[in-house]
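File shown here: model-v1.pdb, holding PDB, C-alpha atoms and all ligand atoms.
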```pdb
ATOM      1  CA  ASP A   1       0.000   0.000   0.000
ATOM      2  CA  ALA A   2       0.926   3.648  -0.113
ATOM      3  CA  LEU A   3       2.274   3.775   3.433
ATOM      4  CA  ALA A   4       4.411   0.746   2.799
ATOM      5  CA  MET A   5       5.765   2.276  -0.382
ATOM      6  CA  GLN A   6       6.662   5.414   1.561
ATOM      7  CA  GLY A   7       8.606   3.262   4.015
ATOM      8  CA  LEU A   8      10.650   1.918   1.114
ATOM      9  CA  GLN A   9      11.101   5.239  -0.634
ATOM     10  CA  LYS A  10      12.374   7.145   2.391
ATOM     11  CA  GLY A  11      13.312   4.434   4.805
ATOM     12  CA  ARG A  12      16.624   3.248   6.045
ATOM     13  CA  LEU A  13      18.201  -0.177   6.260
ATOM     14  CA  LYS A  14      21.113  -0.875   8.590
ATOM     15  CA  LEU A  15      23.132  -3.991   7.929
ATOM     16  CA  ALA A  16      26.442  -5.441   8.972
ATOM     17  CA  ALA A  17      28.534  -7.938   7.062
ATOM     18  CA  VAL A  18      31.830  -9.648   7.761
ATOM     19  CA  THR A  19      34.810  -8.428   5.763
ATOM     20  CA  THR A  20      34.989 -11.409   3.438
ATOM     21  CA  THR A  21      31.592 -10.485   1.974
ATOM     22  CA  GLU A  22      33.087  -7.328   0.463
ATOM     23  CA  TYR A  23      33.956  -9.380  -2.614
ATOM     24  CA  PHE A  24      30.290  -9.987  -3.391
ATOM     25  CA  ILE A  25      28.599  -6.905  -1.951
ATOM     26  CA  PRO A  26      27.427  -5.828  -5.424
ATOM     27  CA  ASP A  27      25.635  -9.202  -5.765
ATOM     28  CA  LEU A  28      24.238  -8.841  -2.288
ATOM     29  CA  LEU A  29      22.932  -5.282  -2.460
ATOM     30  CA  GLY A  30      22.856  -4.346  -6.120
ATOM     31  CA  PRO A  31      19.424  -5.473  -7.297
ATOM     32  CA  PHE A  32      17.761  -4.295  -4.077
ATOM     33  CA  ALA A  33      19.490  -0.900  -4.082
ATOM     34  CA  ARG A  34      18.527  -0.336  -7.705
ATOM     35  CA  GLN A  35      14.912  -1.261  -7.056
ATOM     36  CA  TYR A  36      14.547   1.174  -4.118
ATOM     37  CA  PRO A  37      16.659   4.211  -5.009
ATOM     38  CA  GLY A  38      15.116   6.340  -2.225
ATOM     39  CA  LEU A  39      16.102   3.951   0.508
ATOM     40  CA  ARG A  40      19.205   4.738   2.503
ATOM     41  CA  ILE A  41      21.378   1.686   3.093
ATOM     42  CA  ASP A  42      24.133   1.622   5.700
ATOM     43  CA  LEU A  43      26.362  -1.429   5.609
ATOM     44  CA  ALA A  44      29.057  -1.884   8.247
ATOM     45  CA  VAL A  45      31.863  -4.165   7.025
ATOM     46  CA  GLU A  46      33.816  -5.589   9.950
ATOM     47  CA  ASN A  47      35.084  -8.878  11.310
ATOM     48  CA  ARG A  48      32.893 -11.493  12.966
ATOM     49  CA  ASP A  49      33.313 -10.240  16.525
ATOM     50  CA  ALA A  50      32.410  -6.675  15.546
ATOM     51  CA  VAL A  51      29.376  -7.838  13.547
ATOM     52  CA  ILE A  52      28.171  -9.809  16.578
ATOM     53  CA  GLN A  53      28.510  -6.634  18.680
ATOM     54  CA  HIS A  54      26.258  -4.781  16.223
ATOM     55  CA  LEU A  55      23.637  -7.542  16.439
ATOM     56  CA  ALA A  56      23.840  -7.679  20.229
ATOM     57  CA  ARG A  57      23.403  -3.896  20.548
ATOM     58  CA  GLY A  58      20.570  -3.990  18.049
ATOM     59  CA  ASP A  59      22.066  -1.241  15.912
ATOM     60  CA  VAL A  60      21.721  -3.327  12.755
ATOM     61  CA  GLU A  61      18.698  -5.391  11.754
ATOM     62  CA  LEU A  62      20.400  -7.900   9.495
ATOM     63  CA  ALA A  63      23.889  -9.316   9.279
ATOM     64  CA  VAL A  64      25.721 -11.497   6.809
ATOM     65  CA  MET A  65      28.224 -13.951   8.237
ATOM     66  CA  MET A  66      29.602 -17.453   8.064
ATOM     67  CA  LEU A  67      29.426 -18.484  11.735
ATOM     68  CA  PRO A  68      26.344 -17.109  13.498
ATOM     69  CA  PRO A  69      26.868 -16.905  17.269
ATOM     70  CA  THR A  70      24.930 -19.375  19.406
ATOM     71  CA  ASP A  71      24.433 -17.081  22.394
ATOM     72  CA  LEU A  72      22.052 -14.627  20.678
ATOM     73  CA  ALA A  73      18.458 -15.429  19.720
ATOM     74  CA  LEU A  74      18.822 -15.377  15.939
ATOM     75  CA  GLU A  75      17.043 -16.550  12.851
ATOM     76  CA  ARG A  76      19.422 -17.633  10.135
ATOM     77  CA  TRP A  77      19.164 -18.349   6.464
ATOM     78  CA  PRO A  78      22.103 -19.954   4.645
ATOM     79  CA  PHE A  79      22.167 -18.688   1.080
ATOM     80  CA  LEU A  80      25.562 -19.321  -0.512
ATOM     81  CA  GLU A  81      28.534 -21.644  -0.149
ATOM     82  CA  ASN A  82      31.731 -20.232   1.312
ATOM     83  CA  PRO A  83      34.603 -22.637   0.589
ATOM     84  CA  LEU A  84      37.788 -21.937   2.561
ATOM     85  CA  VAL A  85      40.884 -22.805   0.563
ATOM     86  CA  LEU A  86      44.621 -22.966   1.115
ATOM     87  CA  ILE A  87      46.599 -20.412  -0.884
ATOM     88  CA  ALA A  88      50.279 -20.272  -1.784
ATOM     89  CA  PRO A  89      52.416 -18.036  -3.995
ATOM     90  CA  VAL A  90      52.455 -18.907  -7.702
ATOM     91  CA  GLY A  91      55.443 -21.160  -8.352
ATOM     92  CA  HIS A  92      55.464 -22.689  -4.877
ATOM     93  CA  PRO A  93      56.789 -26.291  -5.034
ATOM     94  CA  LEU A  94      53.628 -27.635  -3.347
ATOM     95  CA  ALA A  95      51.531 -26.184  -6.169
ATOM     96  CA  GLN A  96      52.738 -28.996  -8.451
ATOM     97  CA  ARG A  97      51.224 -31.648  -6.205
ATOM     98  CA  THR A  98      47.703 -32.924  -6.665
ATOM     99  CA  ARG A  99      46.920 -34.658  -3.357
ATOM    100  CA  LEU A 100      48.697 -32.870  -0.567
ATOM    101  CA  ARG A 101      48.200 -33.877   3.016
ATOM    102  CA  LEU A 102      47.768 -31.342   5.789
ATOM    103  CA  SER A 103      50.863 -32.801   7.487
ATOM    104  CA  GLN A 104      52.941 -31.672   4.474
ATOM    105  CA  VAL A 105      51.419 -28.213   4.400
ATOM    106  CA  ILE A 106      52.041 -27.416   8.059
ATOM    107  CA  GLN A 107      55.796 -27.506   7.485
ATOM    108  CA  GLU A 108      55.271 -24.041   5.937
ATOM    109  CA  ALA A 109      54.715 -20.788   7.827
ATOM    110  CA  ARG A 110      51.043 -20.045   8.471
ATOM    111  CA  LEU A 111      49.528 -16.614   7.953
ATOM    112  CA  THR A 112      46.153 -16.002   9.534
ATOM    113  CA  ARG A 113      43.538 -13.344  10.167
ATOM    114  CA  GLU A 114      43.286 -11.554  13.506
ATOM    115  CA  PRO A 115      41.504 -12.971  16.570
ATOM    116  CA  GLY A 116      37.832 -12.035  16.125
ATOM    117  CA  SER A 117      37.787 -13.140  12.494
ATOM    118  CA  GLY A 118      35.323 -15.851  11.531
ATOM    119  CA  THR A 119      37.729 -17.118   8.874
ATOM    120  CA  ARG A 120      40.317 -17.660  11.564
ATOM    121  CA  GLN A 121      37.806 -19.327  13.883
ATOM    122  CA  ALA A 122      36.536 -21.710  11.198
ATOM    123  CA  THR A 123      40.118 -22.579  10.232
ATOM    124  CA  ASP A 124      41.209 -23.155  13.829
ATOM    125  CA  GLN A 125      38.161 -25.374  14.410
ATOM    126  CA  TYR A 126      38.932 -27.375  11.287
ATOM    127  CA  LEU A 127      42.601 -27.889  12.204
ATOM    128  CA  ALA A 128      41.652 -28.893  15.747
ATOM    129  CA  ALA A 129      39.087 -31.397  14.419
ATOM    130  CA  GLN A 130      41.829 -32.902  12.226
ATOM    131  CA  GLY A 131      44.110 -33.120  15.248
ATOM    132  CA  VAL A 132      46.584 -30.833  13.520
ATOM    133  CA  SER A 133      48.616 -28.112  15.208
ATOM    134  CA  TRP A 134      49.627 -25.323  12.806
ATOM    135  CA  PRO A 135      50.489 -22.246  14.872
ATOM    136  CA  ALA A 136      50.258 -18.860  13.204
ATOM    137  CA  ARG A 137      53.528 -17.156  12.310
ATOM    138  CA  LEU A 138      51.854 -13.883  11.316
ATOM    139  CA  ALA A 139      48.370 -12.546  12.081
ATOM    140  CA  LEU A 140      47.153  -9.844   9.698
ATOM    141  CA  GLY A 141      43.968  -7.817   9.994
ATOM    142  CA  SER A 142      42.599  -8.113   6.466
ATOM    143  CA  ASN A 143      42.139 -10.617   3.667
ATOM    144  CA  GLU A 144      43.974  -8.344   1.240
ATOM    145  CA  ALA A 145      46.975  -8.004   3.566
ATOM    146  CA  ILE A 146      47.140 -11.792   3.788
ATOM    147  CA  LYS A 147      46.914 -12.207   0.019
ATOM    148  CA  HIS A 148      49.792  -9.773  -0.536
ATOM    149  CA  ALA A 149      51.887 -11.427   2.176
ATOM    150  CA  VAL A 150      51.288 -14.898   0.709
ATOM    151  CA  ALA A 151      52.114 -13.665  -2.802
ATOM    152  CA  ALA A 152      55.332 -12.187  -1.391
ATOM    153  CA  GLY A 153      56.359 -15.599  -0.037
ATOM    154  CA  LEU A 154      55.826 -14.973   3.686
ATOM    155  CA  GLY A 155      53.774 -18.152   4.135
ATOM    156  CA  LEU A 156      50.531 -19.958   3.321
ATOM    157  CA  ALA A 157      46.994 -19.153   4.466
ATOM    158  CA  ILE A 158      43.467 -20.491   4.466
ATOM    159  CA  LEU A 159      41.012 -17.902   3.157
ATOM    160  CA  SER A 160      37.567 -17.838   1.583
ATOM    161  CA  ARG A 161      37.688 -18.598  -2.134
ATOM    162  CA  HIS A 162      35.588 -15.447  -2.532
ATOM    163  CA  THR A 163      38.682 -13.368  -1.730
ATOM    164  CA  LEU A 164      40.544 -14.652  -4.786
ATOM    165  CA  GLY A 165      38.465 -13.387  -7.667
ATOM    166  CA  PRO A 166      38.312 -15.089 -11.053
ATOM    167  CA  ASP A 167      42.075 -15.042 -11.705
ATOM    168  CA  PRO A 168      44.200 -15.776  -8.598
ATOM    169  CA  ALA A 169      47.378 -16.193 -10.697
ATOM    170  CA  SER A 170      47.159 -12.545 -11.743
ATOM    171  CA  GLN A 171      47.558 -11.712  -8.038
ATOM    172  CA  GLY A 172      50.495 -14.074  -7.657
ATOM    173  CA  LEU A 173      48.391 -16.706  -5.889
ATOM    174  CA  VAL A 174      47.513 -20.356  -6.410
ATOM    175  CA  GLU A 175      45.052 -22.614  -4.608
ATOM    176  CA  LEU A 176      46.720 -25.787  -3.306
ATOM    177  CA  LYS A 177      45.031 -29.170  -3.736
ATOM    178  CA  VAL A 178      44.880 -30.551  -0.234
ATOM    179  CA  THR A 179      42.936 -33.671   0.723
ATOM    180  CA  GLY A 180      40.029 -32.591   2.941
ATOM    181  CA  LEU A 181      39.961 -29.014   1.619
ATOM    182  CA  PRO A 182      38.167 -26.788   0.935
ATOM    183  CA  ILE A 183      36.556 -26.372   4.334
ATOM    184  CA  ARG A 184      32.886 -26.207   3.345
ATOM    185  CA  ARG A 185      30.962 -23.447   5.058
ATOM    186  CA  MET A 186      27.978 -21.290   4.154
ATOM    187  CA  TRP A 187      27.116 -17.621   4.168
ATOM    188  CA  HIS A 188      24.077 -16.841   6.319
ATOM    189  CA  VAL A 189      21.908 -13.821   6.639
ATOM    190  CA  VAL A 190      20.851 -13.549  10.292
ATOM    191  CA  TRP A 191      18.475 -11.386  12.296
ATOM    192  CA  ARG A 192      17.288 -11.163  15.893
ATOM    193  CA  SER A 193      14.354 -13.481  16.522
ATOM    194  CA  ASP A 194      13.305 -11.397  19.536
ATOM    195  CA  ARG A 195      12.674  -8.225  17.507
ATOM    196  CA  SER A 196      10.379  -7.513  14.609
ATOM    197  CA  LEU A 197      11.920  -6.548  11.301
ATOM    198  CA  SER A 198      11.232  -3.211   9.626
ATOM    199  CA  LEU A 199       9.651  -3.083   6.199
ATOM    200  CA  PRO A 200      12.997  -2.340   4.468
ATOM    201  CA  ALA A 201      14.610  -5.298   6.254
ATOM    202  CA  ARG A 202      11.777  -7.660   5.326
ATOM    203  CA  THR A 203      11.873  -6.460   1.746
ATOM    204  CA  PHE A 204      15.634  -6.944   1.561
ATOM    205  CA  LEU A 205      15.320 -10.502   2.889
ATOM    206  CA  ALA A 206      12.656 -11.298   0.319
ATOM    207  CA  ALA A 207      14.832  -9.893  -2.466
ATOM    208  CA  LEU A 208      17.831 -11.930  -1.286
ATOM    209  CA  ARG A 209      15.725 -15.084  -1.131
ATOM    210  CA  GLN A 210      14.507 -14.545  -4.627
ATOM    211  CA  GLN A 211      17.963 -13.773  -5.965
ATOM    212  CA  PHE A 212      19.762 -16.689  -4.359
ATOM    213  CA  SER A 213      17.032 -19.302  -4.725
ATOM    214  CA  GLU A 214      17.570 -18.916  -8.441
ATOM    215  CA  THR A 215      21.100 -20.161  -7.776
ATOM    216  CA  PRO A 216      21.678 -23.925  -7.785
ATOM    217  CA  PRO A 217      22.498 -24.977  -4.195
ATOM    218  CA  GLY A 218      25.913 -26.369  -5.121
ATOM    219  CA  ARG A 219      27.125 -23.103  -6.566
ATOM    220  CA  GLU A 220      30.503 -21.968  -5.360
ATOM    221  CA  VAL A 221      31.463 -18.495  -6.362
ATOM    222  CA  PRO A 222      33.944 -17.813  -7.817
ATOM    223  CA  ARG A 223      35.010 -21.243  -8.995
ATOM    224  CA  HIS A 224      38.407 -22.003 -10.406
ATOM    225  CA  GLU A 225      40.305 -25.251 -10.434
ATOM    226  CA  PRO A 226      43.934 -24.799  -9.559
ATOM    227  CA  GLY A 227      46.433 -25.977 -12.134
TER     228      GLY A 227
HETATM  229  P1  LIG B   1      35.769 -12.553   8.859
HETATM  230  O1  LIG B   1      34.629 -13.143   7.978
HETATM  231  O2  LIG B   1      36.895 -13.527   8.799
HETATM  232  O3  LIG B   1      36.049 -11.238   8.194
HETATM  233  O4  LIG B   1      35.263 -12.391  10.280
HETATM  234  C1  LIG B   1      34.218 -14.474   8.031
HETATM  235  C2  LIG B   1      33.016 -14.635   8.929
HETATM  236  O5  LIG B   1      33.064 -14.320  10.118
HETATM  237  O6  LIG B   1      31.971 -15.067   8.434
END
```
Can the structure in the file be given as structure tokens, please?
Amino acid sequence: DALAMQGLQKGRLKLAAVTTTEYFIPDLLGPFARQYPGLRIDLAVENRDAVIQHLARGDVELAVMMLPPTDLALERWPFLENPLVLIAPVGHPLAQRTRLRLSQVIQEARLTREPGSGTRQATDQYLAAQGVSWPARLALGSNEAIKHAVAAGLGLAILSRHTLGPDPASQGLVELKVTGLPIRRMWHVVWRSDRSLSLPARTFLAALRQQFSETPPGREVPRHEPG
């Protein structure tokens, strides 16, 4: 109705998303932003811990993340795969191998995201579940910093495949073929189940559902086979 339309023409939508989503923010927001040009959209892009703070304070209605916290009353909707892959510099000797074992990889220096990062948490959980100890040599506060450090030969890292773009080699990077990898995780959109959603938030969720239900469930974006 007219009132509802007004809410979408002049309203405001506050979201938070973890940093790794910055590689597909146009996919996430584009169609919705174009459809409602009068709507003001504020998207905070921070690591997992900071996004959880926003949800806990209630200063965003929706958040996009890989690992929703279990200590907040949240609804969650998984909408896209988020494979975590091991990256090395182009030309690294291990890049020739087709079935590496984790035990071979952990001889190399490990670069990781900062504490508070969901990527780091998911990776640490995976290594622990495999019974593997691979202490971090360097912790860096952004995916891009890690990519540059790996390309420069400072070590290897596990990052979301979304960070690599369609042509990792052009950035000096290669995805290693390790048995058991990628770590298969999902992106979720989450919202507080103890609060009601505004019209802009409900409309955004509906748009996201429509957009990503058109995607086959097995889709991994972007997809590139190493080698
Ligand atoms: P992050 O993103 O590593 O930037 O926190 C991943 C996540 O938490 O989903």
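For the set A:Ile41, A:Ala56, A:Leu199, A:Leu159, the residue with the smallest atom-to-atom gap to ligand LIG 1 (chain B) is A:Leu159, counting all atoms listed in the file.
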Rank A:Ala44, A:Ala109, A:Ala4, A:Val60 by their smallest atom-to-atom distance to ligand LIG 1 (chain B), using all atoms listed in the file, and report the top residue only.
-> A:Ala44
How would you write, as an mmCIF file with C-alpha atoms, in the frame of the given file, the set of residues no farther than 9 Å from ligand LIG 1 (chain B) when counting all atoms listed in the file?
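The new file part.cif reads:
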```
data_model
loop_
_atom_site.group_PDB
_atom_site.id
_atom_site.type_symbol
_atom_site.label_atom_id
_atom_site.label_comp_id
_atom_site.auth_asym_id
_atom_site.auth_seq_id
_atom_site.Cartn_x
_atom_site.Cartn_y
_atom_site.Cartn_z
ATOM 1 C CA ALA A 17 28.534 -7.938 7.062
ATOM 2 C CA VAL A 18 31.830 -9.648 7.761
ATOM 3 C CA THR A 19 34.810 -8.428 5.763
ATOM 4 C CA THR A 20 34.989 -11.409 3.438
ATOM 5 C CA THR A 21 31.592 -10.485 1.974
ATOM 6 C CA VAL A 45 31.863 -4.165 7.025
ATOM 7 C CA GLU A 46 33.816 -5.589 9.950
ATOM 8 C CA ASN A 47 35.084 -8.878 11.310
ATOM 9 C CA ARG A 48 32.893 -11.493 12.966
ATOM 10 C CA ASP A 49 33.313 -10.240 16.525
ATOM 11 C CA ALA A 50 32.410 -6.675 15.546
ATOM 12 C CA VAL A 51 29.376 -7.838 13.547
ATOM 13 C CA VAL A 64 25.721 -11.497 6.809
ATOM 14 C CA MET A 65 28.224 -13.951 8.237
ATOM 15 C CA MET A 66 29.602 -17.453 8.064
ATOM 16 C CA LEU A 67 29.426 -18.484 11.735
ATOM 17 C CA PRO A 68 26.344 -17.109 13.498
ATOM 18 C CA ASN A 82 31.731 -20.232 1.312
ATOM 19 C CA ARG A 113 43.538 -13.344 10.167
ATOM 20 C CA GLU A 114 43.286 -11.554 13.506
ATOM 21 C CA PRO A 115 41.504 -12.971 16.570
ATOM 22 C CA GLY A 116 37.832 -12.035 16.125
ATOM 23 C CA SER A 117 37.787 -13.140 12.494
ATOM 24 C CA GLY A 118 35.323 -15.851 11.531
ATOM 25 C CA THR A 119 37.729 -17.118 8.874
ATOM 26 C CA ARG A 120 40.317 -17.660 11.564
ATOM 27 C CA GLN A 121 37.806 -19.327 13.883
ATOM 28 C CA ALA A 122 36.536 -21.710 11.198
ATOM 29 C CA GLY A 141 43.968 -7.817 9.994
ATOM 30 C CA SER A 142 42.599 -8.113 6.466
ATOM 31 C CA ASN A 143 42.139 -10.617 3.667
ATOM 32 C CA LEU A 159 41.012 -17.902 3.157
ATOM 33 C CA SER A 160 37.567 -17.838 1.583
ATOM 34 C CA MET A 186 27.978 -21.290 4.154
ATOM 35 C CA TRP A 187 27.116 -17.621 4.168
ATOM 36 C CA HIS A 188 24.077 -16.841 6.319
#
```
When the PyMOL selection byres (((chain A and resi 133) around 12) and not hetatm) is applied to the file above, which residues end up in the set, as a short mmCIF file (atom, residue, chain, number, x, y, z; two decimals) with C-alpha atoms, in the coordinates of the input?
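Below you can see out.cif, which holds the result:
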```
data_model
loop_
_atom_site.label_atom_id
_atom_site.label_comp_id
_atom_site.auth_asym_id
_atom_site.auth_seq_id
_atom_site.Cartn_x
_atom_site.Cartn_y
_atom_site.Cartn_z
CA LEU A 102 47.77 -31.34 5.79
CA SER A 103 50.86 -32.80 7.49
CA VAL A 105 51.42 -28.21 4.40
CA ILE A 106 52.04 -27.42 8.06
CA GLN A 107 55.80 -27.51 7.48
CA ARG A 110 51.04 -20.05 8.47
CA THR A 123 40.12 -22.58 10.23
CA ASP A 124 41.21 -23.16 13.83
CA GLN A 125 38.16 -25.37 14.41
CA TYR A 126 38.93 -27.38 11.29
CA LEU A 127 42.60 -27.89 12.20
CA ALA A 128 41.65 -28.89 15.75
CA ALA A 129 39.09 -31.40 14.42
CA GLN A 130 41.83 -32.90 12.23
CA GLY A 131 44.11 -33.12 15.25
CA VAL A 132 46.58 -30.83 13.52
CA TRP A 134 49.63 -25.32 12.81
CA PRO A 135 50.49 -22.25 14.87
CA ALA A 136 50.26 -18.86 13.20
#
```
Report as a PDB file with C-alpha atoms, in the frame of the given file the full result of the PyMOL selection byres (((chain A and resi 11-15) around 9) and not hetatm) when it is applied to this structure.
```
ATOM      1  CA  GLN A   6       6.662   5.414   1.561  1.00  0.00           C
ATOM      2  CA  GLY A   7       8.606   3.262   4.015  1.00  0.00           C
ATOM      3  CA  LEU A   8      10.650   1.918   1.114  1.00  0.00           C
ATOM      4  CA  GLN A   9      11.101   5.239  -0.634  1.00  0.00           C
ATOM      5  CA  LYS A  10      12.374   7.145   2.391  1.00  0.00           C
ATOM      6  CA  ALA A  16      26.442  -5.441   8.972  1.00  0.00           C
ATOM      7  CA  ALA A  17      28.534  -7.938   7.062  1.00  0.00           C
ATOM      8  CA  GLY A  38      15.116   6.340  -2.225  1.00  0.00           C
ATOM      9  CA  LEU A  39      16.102   3.951   0.508  1.00  0.00           C
ATOM     10  CA  ARG A  40      19.205   4.738   2.503  1.00  0.00           C
ATOM     11  CA  ILE A  41      21.378   1.686   3.093  1.00  0.00           C
ATOM     12  CA  ASP A  42      24.133   1.622   5.700  1.00  0.00           C
ATOM     13  CA  LEU A  43      26.362  -1.429   5.609  1.00  0.00           C
ATOM     14  CA  ALA A  44      29.057  -1.884   8.247  1.00  0.00           C
ATOM     15  CA  VAL A  45      31.863  -4.165   7.025  1.00  0.00           C
ATOM     16  CA  HIS A  54      26.258  -4.781  16.223  1.00  0.00           C
ATOM     17  CA  ASP A  59      22.066  -1.241  15.912  1.00  0.00           C
ATOM     18  CA  VAL A  60      21.721  -3.327  12.755  1.00  0.00           C
ATOM     19  CA  GLU A  61      18.698  -5.391  11.754  1.00  0.00           C
ATOM     20  CA  LEU A  62      20.400  -7.900   9.495  1.00  0.00           C
ATOM     21  CA  ALA A  63      23.889  -9.316   9.279  1.00  0.00           C
ATOM     22  CA  VAL A  64      25.721 -11.497   6.809  1.00  0.00           C
ATOM     23  CA  SER A 198      11.232  -3.211   9.626  1.00  0.00           C
ATOM     24  CA  LEU A 199       9.651  -3.083   6.199  1.00  0.00           C
ATOM     25  CA  PRO A 200      12.997  -2.340   4.468  1.00  0.00           C
ATOM     26  CA  ALA A 201      14.610  -5.298   6.254  1.00  0.00           C
ATOM     27  CA  PHE A 204      15.634  -6.944   1.561  1.00  0.00           C
TER      28      PHE A 204
END
```
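Each of A:Leu138, A:Leu176, A:Ile87, A:Leu94 was compared to A:Ala151 using only C-alpha atoms, and A:Ile87 turns out to be the nearest.
Here the question is which of A:Thr70, A:Leu55, A:Pro78, A:Ala33 gets nearest to A:Ser213 using only C-alpha atoms, and that residue is A:Pro78.
Between atom CA of A:Ala152 and atom CA of A:Ile25 the separation is 27.3 Å.
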Would you give the centre and edge lengths, in Å to one decimal, of a box along x, y and z around the listed atoms of stretch 174-182 of chain A, with 4 Å added to each side, as lines of an AutoDock Vina configuration file?
```
center_x = 42.8
center_y = -27.0
center_z = -1.7
size_x = 17.3
size_y = 21.3
size_z = 17.4
```
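Across the model, the gap from atom CA of A:Val174 to atom CA of A:Arg97 is 11.9 Å.
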Pairwise distance, atom CA of A:Thr179 with atom CA of A:Arg101, equals 5.7 Å
For the point (17.2, -17.5, 0.1) in the file's frame, write as a ChimeraX atom specification all residues with an atom no more than 9 Å away, counting only C-alpha atoms.
-> /A:77-80,189,205-214
Writing out the chosen residues with C-alpha atoms as a CSV table (one decimal), keeping the file's coordinate frame:
```csv
chain,number,residue,atom,x,y,z
A,77,TRP,CA,19.2,-18.3,6.5
A,78,PRO,CA,22.1,-20.0,4.6
A,79,PHE,CA,22.2,-18.7,1.1
A,80,LEU,CA,25.6,-19.3,-0.5
A,189,VAL,CA,21.9,-13.8,6.6
A,205,LEU,CA,15.3,-10.5,2.9
A,206,ALA,CA,12.7,-11.3,0.3
A,207,ALA,CA,14.8,-9.9,-2.5
A,208,LEU,CA,17.8,-11.9,-1.3
A,209,ARG,CA,15.7,-15.1,-1.1
A,210,GLN,CA,14.5,-14.5,-4.6
A,211,GLN,CA,18.0,-13.8,-6.0
A,212,PHE,CA,19.8,-16.7,-4.4
A,213,SER,CA,17.0,-19.3,-4.7
A,214,GLU,CA,17.6,-18.9,-8.4
```
Applied to this file, what does the PyMOL selection byres (((chain A and resi 163-168) around 8) and not hetatm) return in terms of residues, put as a PyMOL selection string?
-> chain A and resi 20+23+143-144+159-162+169-175+222-224
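Minimum atom-to-atom distances from A:Met5, A:Val178, A:Ile183, A:Val90 to A:His148 were compared using all atoms listed in the file, and the lowest value belongs to A:Val90.
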